[in-house]
Each structure stands twice: as C-alpha cells, then as structure tokens.
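Asker: You'll find entry-v1.cif just under this line, and it carries mmCIF, C-alpha atoms.
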data_target
loop_
_atom_site.label_atom_id
_atom_site.label_comp_id
_atom_site.auth_asym_id
_atom_site.auth_seq_id
_atom_site.Cartn_x
_atom_site.Cartn_y
_atom_site.Cartn_z
CA MET A 283 -26.36 -23.59 0.55
CA ALA A 284 -26.03 -20.21 2.25
CA LYS A 285 -26.44 -17.14 0.12
CA LYS A 286 -23.28 -15.06 -0.22
CA ARG A 287 -23.47 -11.59 1.30
CA ARG A 288 -23.16 -8.78 -1.24
CA LEU A 289 -22.96 -5.07 -0.62
CA SER A 290 -25.63 -2.70 -1.81
CA TYR A 291 -24.61 0.00 -4.25
CA THR A 292 -24.46 2.60 -1.45
CA GLN A 293 -22.49 0.31 0.88
CA LYS A 294 -20.01 -0.50 -1.89
CA ASN A 295 -19.50 3.20 -2.59
CA TRP A 296 -18.84 3.95 1.10
CA LEU A 297 -16.35 1.10 1.35
CA LEU A 298 -14.70 2.14 -1.92
CA SER A 299 -14.43 5.72 -0.60
CA ALA A 300 -12.75 4.48 2.58
CA HIS A 301 -10.39 2.35 0.48
CA ILE A 302 -9.42 5.33 -1.67
CA LEU A 303 -8.86 7.53 1.40
CA PHE A 304 -6.58 4.88 2.94
CA VAL A 305 -4.60 4.62 -0.31
CA VAL A 306 -4.25 8.41 -0.53
CA ALA A 307 -3.03 8.61 3.10
CA TRP A 308 -0.56 5.76 2.51
CA PHE A 309 0.73 7.33 -0.70
CA GLY A 310 0.99 10.74 0.97
CA GLY A 311 2.85 9.29 3.95
CA ILE A 312 5.40 7.60 1.68
CA LEU A 313 5.82 10.82 -0.35
CA CYS A 314 6.37 12.88 2.81
CA MET A 315 8.88 10.35 4.13
CA PHE A 316 10.72 10.48 0.81
CA SER A 317 10.82 14.30 0.96
CA LEU A 318 12.24 14.21 4.49
CA LEU A 319 14.84 11.64 3.46
CA ILE A 320 15.95 13.94 0.64
CA ALA A 321 16.09 16.82 3.13
CA SER A 322 18.18 14.72 5.52
CA LEU A 323 20.94 14.52 2.92
CA SER A 324 21.61 18.24 3.40
CA ALA A 325 21.46 18.24 7.22
CA ASN A 326 24.30 20.20 8.83
CA HIS A 327 24.26 18.90 12.40
CA SER A 328 23.00 16.05 14.60
CA ASN A 329 19.98 17.88 16.04
CA GLU A 330 18.60 18.69 12.61
CA LEU A 331 19.08 15.11 11.48
CA HIS A 332 17.60 13.70 14.69
CA VAL A 333 14.44 15.81 14.35
CA THR A 334 14.12 14.84 10.68
CA PHE A 335 14.24 11.14 11.51
CA MET A 336 11.88 11.54 14.45
CA ASN A 337 9.41 13.05 11.95
CA ILE A 338 10.04 10.20 9.52
CA ASN A 339 9.22 7.73 12.31
CA LEU A 340 6.06 9.68 13.14
CA LEU A 341 4.96 9.66 9.50
CA ASP A 342 5.66 5.93 9.33
CA ASP A 343 3.56 5.30 12.43
CA VAL A 344 0.61 7.52 11.48
CA PHE A 345 0.48 7.79 7.68
CA VAL A 346 2.04 4.56 6.51
CA LYS A 347 1.33 1.67 8.89
CA TYR A 348 -2.35 2.28 9.63
CA PRO A 349 -3.37 3.42 6.13
CA ALA A 350 -1.58 0.39 4.67
CA LEU A 351 -3.54 -1.87 7.01
CA GLY A 352 -6.76 -0.01 6.17
CA THR A 353 -6.02 -0.38 2.46
CA LEU A 354 -5.47 -4.12 2.89
CA ILE A 355 -8.67 -4.63 4.89
CA THR A 356 -10.94 -2.49 2.70
CA GLY A 357 -9.45 -3.98 -0.48
CA PHE A 358 -10.09 -7.49 0.84
CA LEU A 359 -13.68 -6.59 1.78
CA LEU A 360 -14.29 -5.00 -1.64
CA SER A 361 -13.03 -8.15 -3.35
CA VAL A 362 -15.00 -10.57 -1.20
CA LEU A 363 -18.26 -8.62 -0.90
CA THR A 364 -18.57 -7.57 -4.55
CA ASN A 365 -18.44 -9.39 -7.89
CA TRP A 366 -14.73 -8.64 -8.32
CA GLY A 367 -13.51 -11.60 -6.24
CA LEU A 368 -10.03 -12.22 -4.88
CA THR A 369 -8.67 -14.22 -7.81
CA ARG A 370 -11.10 -13.64 -10.66
CA TYR A 371 -9.03 -10.94 -12.42
CA TYR A 372 -5.30 -10.79 -13.05
CA TRP A 373 -5.05 -7.10 -12.16
CA ILE A 374 -6.58 -7.75 -8.73
CA ILE A 375 -4.11 -10.55 -8.08
CA VAL A 376 -1.21 -8.23 -8.99
CA LYS A 377 -2.62 -5.54 -6.66
CA GLU A 378 -2.89 -8.08 -3.84
CA VAL A 379 0.71 -9.21 -4.34
CA LEU A 380 1.96 -5.62 -4.49
CA THR A 381 0.00 -4.64 -1.37
CA LEU A 382 1.25 -7.60 0.66
CA GLY A 383 4.77 -7.09 -0.72
CA ALA A 384 4.83 -3.38 0.18
CA ILE A 385 3.48 -4.06 3.67
CA GLY A 386 5.91 -6.93 4.24
CA PHE A 387 8.82 -4.87 2.92
CA GLY A 388 7.86 -2.06 5.27
CA ILE A 389 7.58 -4.35 8.29
CA PHE A 390 10.69 -6.45 7.72
CA PHE A 391 13.06 -3.91 6.17
CA MET A 392 12.02 -0.24 6.21
CA ASN A 393 11.06 -0.14 9.90
CA GLY A 394 14.37 -1.71 10.90
CA TRP A 395 16.40 0.62 8.72
CA THR A 396 14.56 3.70 9.99
CA ASP A 397 14.96 2.62 13.62
CA GLN A 398 18.64 1.83 13.05
CA VAL A 399 19.35 5.28 11.62
CA THR A 400 17.32 7.07 14.32
CA THR A 401 19.02 5.12 17.11
CA GLY A 402 22.43 5.70 15.58
CA ILE A 403 21.86 9.45 15.39
CA SER A 404 20.49 9.55 18.96
CA SER A 405 23.40 7.66 20.48
CA GLY A 406 26.37 8.49 18.28
CA GLY A 407 25.39 11.72 16.64
CA PHE A 408 25.93 12.98 13.13
CA GLU A 409 29.31 11.31 12.73
CA THR A 410 27.97 7.73 13.05
CA LEU A 411 25.50 8.09 10.19
CA GLN A 412 26.38 6.15 7.08
CA LEU A 413 25.21 7.46 3.73
CA SER A 414 24.42 3.85 2.75
CA ASP A 415 21.77 3.74 5.52
CA ILE A 416 19.93 6.69 4.01
CA LYS A 417 20.38 5.24 0.52
CA HIS A 418 18.64 2.02 1.66
CA LEU A 419 15.73 4.11 2.93
CA LEU A 420 15.58 6.19 -0.26
CA ILE A 421 15.59 3.11 -2.49
CA GLY A 422 13.01 1.43 -0.25
CA ASN A 423 10.75 4.47 -0.39
CA LEU A 424 11.09 4.63 -4.17
CA ALA A 425 10.13 0.95 -4.37
CA ASN A 426 7.06 1.63 -2.21
CA LEU A 427 6.11 4.64 -4.33
CA PHE A 428 6.47 2.55 -7.48
CA ALA A 429 4.31 -0.24 -6.02
CA LEU A 430 1.60 2.20 -4.89
CA ALA A 431 1.61 4.07 -8.21
CA THR A 432 1.33 0.74 -10.04
CA MET A 433 -1.64 -0.27 -7.87
CA VAL A 434 -3.41 3.03 -8.58
CA ILE A 435 -2.83 2.66 -12.32
CA LEU A 436 -4.04 -0.96 -12.28
CA SER A 437 -7.20 0.11 -10.45
CA TYR A 438 -7.97 2.64 -13.15
CA VAL A 439 -6.88 0.77 -16.30
CA LYS A 440 -7.91 -2.77 -15.20
CA PRO A 441 -5.71 -4.53 -17.77
CA TRP A 442 -5.53 -8.26 -18.63
CA GLY A 443 -9.17 -9.05 -17.97
CA ARG A 444 -10.69 -12.09 -16.30
CA ARG A 445 -8.72 -15.28 -15.67
CA LYS A 446 -9.80 -18.00 -18.08
CA ASN A 447 -10.67 -20.51 -15.36
CA ALA A 448 -12.29 -17.97 -13.02
CA LYS A 449 -15.94 -18.66 -12.31
CA ARG A 450 -18.55 -15.98 -12.61
CA PRO A 451 -20.61 -15.17 -9.53
CA LYS A 452 -23.91 -17.10 -9.46
CA GLU A 453 -26.11 -14.04 -10.00
CA VAL A 454 -24.08 -13.01 -13.07
CA GLN A 455 -23.68 -16.43 -14.72
CA ARG A 456 -25.63 -16.93 -17.90
CA THR A 457 -27.61 -20.04 -18.50
CA LYS A 458 -27.54 -21.86 -21.82
CA PRO A 459 -30.86 -21.68 -23.70
#
Can you give me the file's structure in the form of structure tokens?
Answerer:
Amino acid sequence: MAKKRRLSYTQKNWLLSAHILFVVAWFGGILCMFSLLIASLSANHSNELHVTFMNINLLDDVFVKYPALGTLITGFLLSVLTNWGLTRYYWIIVKEVLTLGAIGFGIFFMNGWTDQVTTGISSGGFETLQLSDIKHLLIGNLANLFALATMVILSYVKPWGRRKNAKRPKEVQRTKP
C-alpha cells in the first residue's frame, strides 16, 4: 500500500499562512462590499450609485471570488495532507459546509443580484433601483459575514471533538499491548 503524503512542519505552516491570508482577504472583501452597500443607501444621484456598484463588482471580482477559491483549495489541502482529515472532526465538517455554502450562495445569488442592480443603474438610472434589490445584497452580505465569522471561531475553538467512528491516521494510532 502506498504511503500517504504528509506535510513537514514548515510546509504545513506555509500552507496554513496562505490559508489564513486567503480568509482575511475574503473577509475583508465582504466587509468592504457591505460598507459600500450601506453607503449606496444614501446616494443622491445615478452617477454616485453607478460608481459605488462598479466598486462593489470590483471588490467581488478581486477580494471575494479568488480568495474564496484560495480558501477552499488551501483548506482542502490542509485537511488532506495533515492529520486533521476531511471528515474526522465535526468542526471541520461544519467549516467545509459553510465554505461551500458561502461560495455557492455567492455564485448563484449574490453575483446575479449585484449584476442586476449594476445593469439596472447603468440602463435606467437612479429611478429604476428598487430598495428591495439592495436589501437582498445587504442580507446576503450579512449571511456571508456570519458564515465567515463562524468559520474563524470554529478554527480557533475547535468544538465538538473527533467523530466517534472516525479513524485515526496510521502513524497516530495506538496499538494494544
């Protein structure tokens, strides 16, 4: 049987550092988008609103999409290449579900809503904007912030422990005397 590849201590630390940087960029992007959405509520004319939503789209492209993907990839690698595993601990499973949920929500809902508002402002101006469109984006951003904050807390606290039926890695398993 082939030996599983494990990271050295230094490699794990570099990968963990990259993971943390991706999470910070993702969290920061969502916070900046939320701030701009709040600012858009007090916009006085179409140009101001259009520029605000162009910046929201830019933040989404640069500081949300790619850091979210980087977080997913580095988190997967950390799970697979260390003793943590993908399904060995409940808190890791919850983080995986939240990560995939936040990314899926962003792809299937937030992007569409942001594009819809930006297109509406570009073509119809200030008068075509519906407050409900911005409310959807605000609620969506709050949901993303909540999911990201929960993931950060879970990473630090590591509640719930190991799953009862989860196997230990071979090099950590104890043999009976």
Asker: List every protein, DNA or RNA residue that has at least one atom no more than 8 Å from (-3.8, 1.4, 4.3) in the file's coordinates, counting only C-alpha atoms, and write the result as a list in words.
Answerer: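 Returned residue set, sorted by chain then number, is His301, Phe304, Val305, Ala307, Trp308, Val346, Lys347, Tyr348, Pro349, Ala350, Leu351, Gly352, Thr353, Leu354 and Ile355 of chain A.
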Asker: Those residues you just picked out, can you put them in a file as a short mmCIF file (atom, residue, chain, number, x, y, z; two decimals), keeping the file's coordinate frame with C-alpha atoms?
Answerer:
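Written output follows (out.cif):
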data_model
loop_
_atom_site.label_atom_id
_atom_site.label_comp_id
_atom_site.auth_asym_id
_atom_site.auth_seq_id
_atom_site.Cartn_x
_atom_site.Cartn_y
_atom_site.Cartn_z
CA HIS A 301 -10.39 2.35 0.48
CA PHE A 304 -6.58 4.88 2.94
CA VAL A 305 -4.60 4.62 -0.31
CA ALA A 307 -3.03 8.61 3.10
CA TRP A 308 -0.56 5.76 2.51
CA VAL A 346 2.04 4.56 6.51
CA LYS A 347 1.33 1.67 8.89
CA TYR A 348 -2.35 2.28 9.63
CA PRO A 349 -3.37 3.42 6.13
CA ALA A 350 -1.58 0.39 4.67
CA LEU A 351 -3.54 -1.87 7.01
CA GLY A 352 -6.76 -0.01 6.17
CA THR A 353 -6.02 -0.38 2.46
CA LEU A 354 -5.47 -4.12 2.89
CA ILE A 355 -8.67 -4.63 4.89
#
Asker: Which one is closest to Leu331 (chain A): A:Cys314, A:Ile421, A:Ile416, A:Leu298? Count all atoms listed in the file.
Answerer: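 That would be A:Ile416, the residue with the smallest distance to Leu331 (chain A).
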Asker: Go through the shown structure with the PyMOL selection byres ((chain A and resi 335-342) around 10) and write out the matching residues as a ChimeraX atom specification.
Answerer: /A:308,310-319,322,329-334,343-349,388,392-393,396-397,399-401,403-404
Asker: Between CA of Gly367 (chain A) and CA of Phe309 (chain A), what is the distance in Å, rounded to a tenth?
Answerer: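 Those two atoms sit 24.3 Å apart.
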Asker: Between CA of Leu363 (chain A) and CA of Asn426 (chain A), what distance in Å does the model show, to one decimal?
Answerer: 27.3 Å
Asker: Which residues are near Trp395 (chain A)? Cut-off 8 Å, only C-alpha atoms, ignore same chain within fewer than 5 positions. Put them as a ChimeraX atom specification.
Answerer: /A:415,418-419
Asker: Quote the spacing between CA of Trp373 (chain A) and CA of Tyr438 (chain A) in Å to one decimal place.
Answerer: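 Distance reported for this atom pair: 10.2 Å.
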Asker: Select, counting all atoms listed in the file, all protein, DNA and RNA residues no farther than 9 Å from (-16.0, -1.7, -9.2) in file coordinates, and express the selection as a list of chain:residue names.
Answerer: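 The answer, in the requested form, is A:Lys294, A:Asn295, A:Leu298, A:Leu360, A:Thr364, A:Asn365, A:Trp366.
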Asker: Find the residue from A:Leu359, A:Ile435, A:Ala325, A:Val376 that sits nearest to Ala300 (chain A); use all atoms listed in the file when measuring.
Answerer: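 Nearest to Ala300 (chain A): A:Leu359.
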Asker: What's around Ala425 (chain A) at 10 Å? Count all atoms listed in the file, leave out sequence neighbours fewer than 5 positions away in its own chain, and write the answer as a ChimeraX atom specification.
Answerer: /A:384,387,419-420,430-431
Asker: Counting all atoms listed in the file, what is within 9 Å of region 445-447 of chain A, bar same-chain residues fewer than 3 positions away, as a PyMOL selection string?
Answerer: chain A and resi 369-372+442
Asker: Restricting the calculation to all atoms listed in the file, which member of A:Arg288, A:Arg444, A:Phe428, A:Ser437 is positioned closest to Val362 (chain A)?
Answerer: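 Closest candidate: A:Arg288.
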Asker: May I ask which of the residues A:Ser290, A:Thr356, A:Ser324, A:Ser414 is the closest one to Thr381 (chain A), counting only C-alpha atoms?
Answerer: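 Smallest distance to Thr381 (chain A) is found for A:Thr356.
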Asker: For Asn423 (chain A), which of A:Phe391, A:Leu323, A:Leu368, A:Val306 is the closest residue, counting all atoms listed in the file?
Answerer: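 Closest to Asn423 (chain A), using all atoms listed in the file: A:Phe391.
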Asker: Quick one: of A:His327, A:Lys377, A:Lys417, A:Arg287, who's nearest to Val434 (chain A), counting all atoms listed in the file?
Answerer: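 For Val434 (chain A), the nearest of the candidates is A:Lys377.
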Asker: Got a minute to add N, CA and C atoms to region 319-350 of chain A and dump it as a PDB file, keeping the file's coordinate frame?
Answerer:
ATOM      1  N   LEU A 319      13.577  12.340   3.705  1.00  0.00           N
ATOM      2  CA  LEU A 319      14.840  11.640   3.460  1.00  0.00           C
ATOM      3  C   LEU A 319      15.750  12.458   2.540  1.00  0.00           C
ATOM      4  N   ILE A 320      15.172  13.064   1.516  1.00  0.00           N
ATOM      5  CA  ILE A 320      15.950  13.940   0.640  1.00  0.00           C
ATOM      6  C   ILE A 320      16.492  15.121   1.440  1.00  0.00           C
ATOM      7  N   ALA A 321      15.652  15.689   2.297  1.00  0.00           N
ATOM      8  CA  ALA A 321      16.090  16.820   3.130  1.00  0.00           C
ATOM      9  C   ALA A 321      17.186  16.411   4.099  1.00  0.00           C
ATOM     10  N   SER A 322      17.162  15.167   4.564  1.00  0.00           N
ATOM     11  CA  SER A 322      18.180  14.720   5.520  1.00  0.00           C
ATOM     12  C   SER A 322      19.572  14.664   4.896  1.00  0.00           C
ATOM     13  N   LEU A 323      19.636  14.560   3.592  1.00  0.00           N
ATOM     14  CA  LEU A 323      20.940  14.520   2.920  1.00  0.00           C
ATOM     15  C   LEU A 323      21.684  15.839   3.046  1.00  0.00           C
ATOM     16  N   SER A 324      20.958  16.932   3.276  1.00  0.00           N
ATOM     17  CA  SER A 324      21.610  18.240   3.400  1.00  0.00           C
ATOM     18  C   SER A 324      21.647  18.748   4.841  1.00  0.00           C
ATOM     19  N   ALA A 325      21.419  17.851   5.808  1.00  0.00           N
ATOM     20  CA  ALA A 325      21.460  18.240   7.220  1.00  0.00           C
ATOM     21  C   ALA A 325      22.877  18.643   7.606  1.00  0.00           C
ATOM     22  N   ASN A 326      22.987  19.679   8.446  1.00  0.00           N
ATOM     23  CA  ASN A 326      24.300  20.200   8.830  1.00  0.00           C
ATOM     24  C   ASN A 326      24.761  19.769  10.210  1.00  0.00           C
ATOM     25  N   HIS A 327      23.852  19.312  11.056  1.00  0.00           N
ATOM     26  CA  HIS A 327      24.260  18.900  12.400  1.00  0.00           C
ATOM     27  C   HIS A 327      23.316  17.823  12.940  1.00  0.00           C
ATOM     28  N   SER A 328      23.722  17.199  14.030  1.00  0.00           N
ATOM     29  CA  SER A 328      23.000  16.050  14.600  1.00  0.00           C
ATOM     30  C   SER A 328      21.572  16.373  14.988  1.00  0.00           C
ATOM     31  N   ASN A 329      21.338  17.542  15.590  1.00  0.00           N
ATOM     32  CA  ASN A 329      19.980  17.880  16.040  1.00  0.00           C
ATOM     33  C   ASN A 329      19.007  17.954  14.862  1.00  0.00           C
ATOM     34  N   GLU A 330      19.445  18.574  13.796  1.00  0.00           N
ATOM     35  CA  GLU A 330      18.600  18.690  12.610  1.00  0.00           C
ATOM     36  C   GLU A 330      18.275  17.295  12.055  1.00  0.00           C
ATOM     37  N   LEU A 331      19.269  16.458  11.989  1.00  0.00           N
ATOM     38  CA  LEU A 331      19.080  15.110  11.480  1.00  0.00           C
ATOM     39  C   LEU A 331      18.197  14.277  12.418  1.00  0.00           C
ATOM     40  N   HIS A 332      18.409  14.431  13.707  1.00  0.00           N
ATOM     41  CA  HIS A 332      17.600  13.700  14.690  1.00  0.00           C
ATOM     42  C   HIS A 332      16.124  14.081  14.570  1.00  0.00           C
ATOM     43  N   VAL A 333      15.831  15.357  14.478  1.00  0.00           N
ATOM     44  CA  VAL A 333      14.440  15.810  14.350  1.00  0.00           C
ATOM     45  C   VAL A 333      13.839  15.314  13.042  1.00  0.00           C
ATOM     46  N   THR A 334      14.618  15.332  11.975  1.00  0.00           N
ATOM     47  CA  THR A 334      14.120  14.840  10.680  1.00  0.00           C
ATOM     48  C   THR A 334      13.715  13.376  10.786  1.00  0.00           C
ATOM     49  N   PHE A 335      14.566  12.563  11.411  1.00  0.00           N
ATOM     50  CA  PHE A 335      14.240  11.140  11.510  1.00  0.00           C
ATOM     51  C   PHE A 335      13.160  10.850  12.549  1.00  0.00           C
ATOM     52  N   MET A 336      13.019  11.678  13.533  1.00  0.00           N
ATOM     53  CA  MET A 336      11.880  11.540  14.450  1.00  0.00           C
ATOM     54  C   MET A 336      10.577  11.792  13.677  1.00  0.00           C
ATOM     55  N   ASN A 337      10.594  12.773  12.775  1.00  0.00           N
ATOM     56  CA  ASN A 337       9.410  13.050  11.950  1.00  0.00           C
ATOM     57  C   ASN A 337       9.146  11.927  10.954  1.00  0.00           C
ATOM     58  N   ILE A 338      10.208  11.340  10.419  1.00  0.00           N
ATOM     59  CA  ILE A 338      10.040  10.200   9.520  1.00  0.00           C
ATOM     60  C   ILE A 338       9.385   9.044  10.270  1.00  0.00           C
ATOM     61  N   ASN A 339       9.837   8.789  11.491  1.00  0.00           N
ATOM     62  CA  ASN A 339       9.220   7.730  12.310  1.00  0.00           C
ATOM     63  C   ASN A 339       7.750   8.034  12.600  1.00  0.00           C
ATOM     64  N   LEU A 340       7.448   9.286  12.881  1.00  0.00           N
ATOM     65  CA  LEU A 340       6.060   9.680  13.140  1.00  0.00           C
ATOM     66  C   LEU A 340       5.198   9.461  11.900  1.00  0.00           C
ATOM     67  N   LEU A 341       5.699   9.882  10.745  1.00  0.00           N
ATOM     68  CA  LEU A 341       4.960   9.660   9.500  1.00  0.00           C
ATOM     69  C   LEU A 341       4.737   8.166   9.253  1.00  0.00           C
ATOM     70  N   ASP A 342       5.770   7.377   9.522  1.00  0.00           N
ATOM     71  CA  ASP A 342       5.660   5.930   9.330  1.00  0.00           C
ATOM     72  C   ASP A 342       4.578   5.356  10.239  1.00  0.00           C
ATOM     73  N   ASP A 343       4.543   5.810  11.474  1.00  0.00           N
ATOM     74  CA  ASP A 343       3.560   5.300  12.430  1.00  0.00           C
ATOM     75  C   ASP A 343       2.134   5.724  12.081  1.00  0.00           C
ATOM     76  N   VAL A 344       1.960   6.982  11.668  1.00  0.00           N
ATOM     77  CA  VAL A 344       0.610   7.520  11.480  1.00  0.00           C
ATOM     78  C   VAL A 344       0.104   7.390  10.046  1.00  0.00           C
ATOM     79  N   PHE A 345       0.943   7.719   9.068  1.00  0.00           N
ATOM     80  CA  PHE A 345       0.480   7.790   7.680  1.00  0.00           C
ATOM     81  C   PHE A 345       0.974   6.688   6.773  1.00  0.00           C
ATOM     82  N   VAL A 346       1.632   5.691   7.334  1.00  0.00           N
ATOM     83  CA  VAL A 346       2.040   4.560   6.510  1.00  0.00           C
ATOM     84  C   VAL A 346       1.470   3.258   7.071  1.00  0.00           C
ATOM     85  N   LYS A 347       1.748   2.958   8.327  1.00  0.00           N
ATOM     86  CA  LYS A 347       1.330   1.670   8.890  1.00  0.00           C
ATOM     87  C   LYS A 347      -0.190   1.501   8.907  1.00  0.00           C
ATOM     88  N   TYR A 348      -0.901   2.432   9.501  1.00  0.00           N
ATOM     89  CA  TYR A 348      -2.350   2.280   9.630  1.00  0.00           C
ATOM     90  C   TYR A 348      -3.083   2.423   8.291  1.00  0.00           C
ATOM     91  N   PRO A 349      -2.722   3.392   7.458  1.00  0.00           N
ATOM     92  CA  PRO A 349      -3.370   3.420   6.130  1.00  0.00           C
ATOM     93  C   PRO A 349      -3.084   2.182   5.292  1.00  0.00           C
ATOM     94  N   ALA A 350      -1.879   1.611   5.414  1.00  0.00           N
ATOM     95  CA  ALA A 350      -1.580   0.390   4.670  1.00  0.00           C
ATOM     96  C   ALA A 350      -2.478  -0.755   5.149  1.00  0.00           C
TER      97      ALA A 350
END
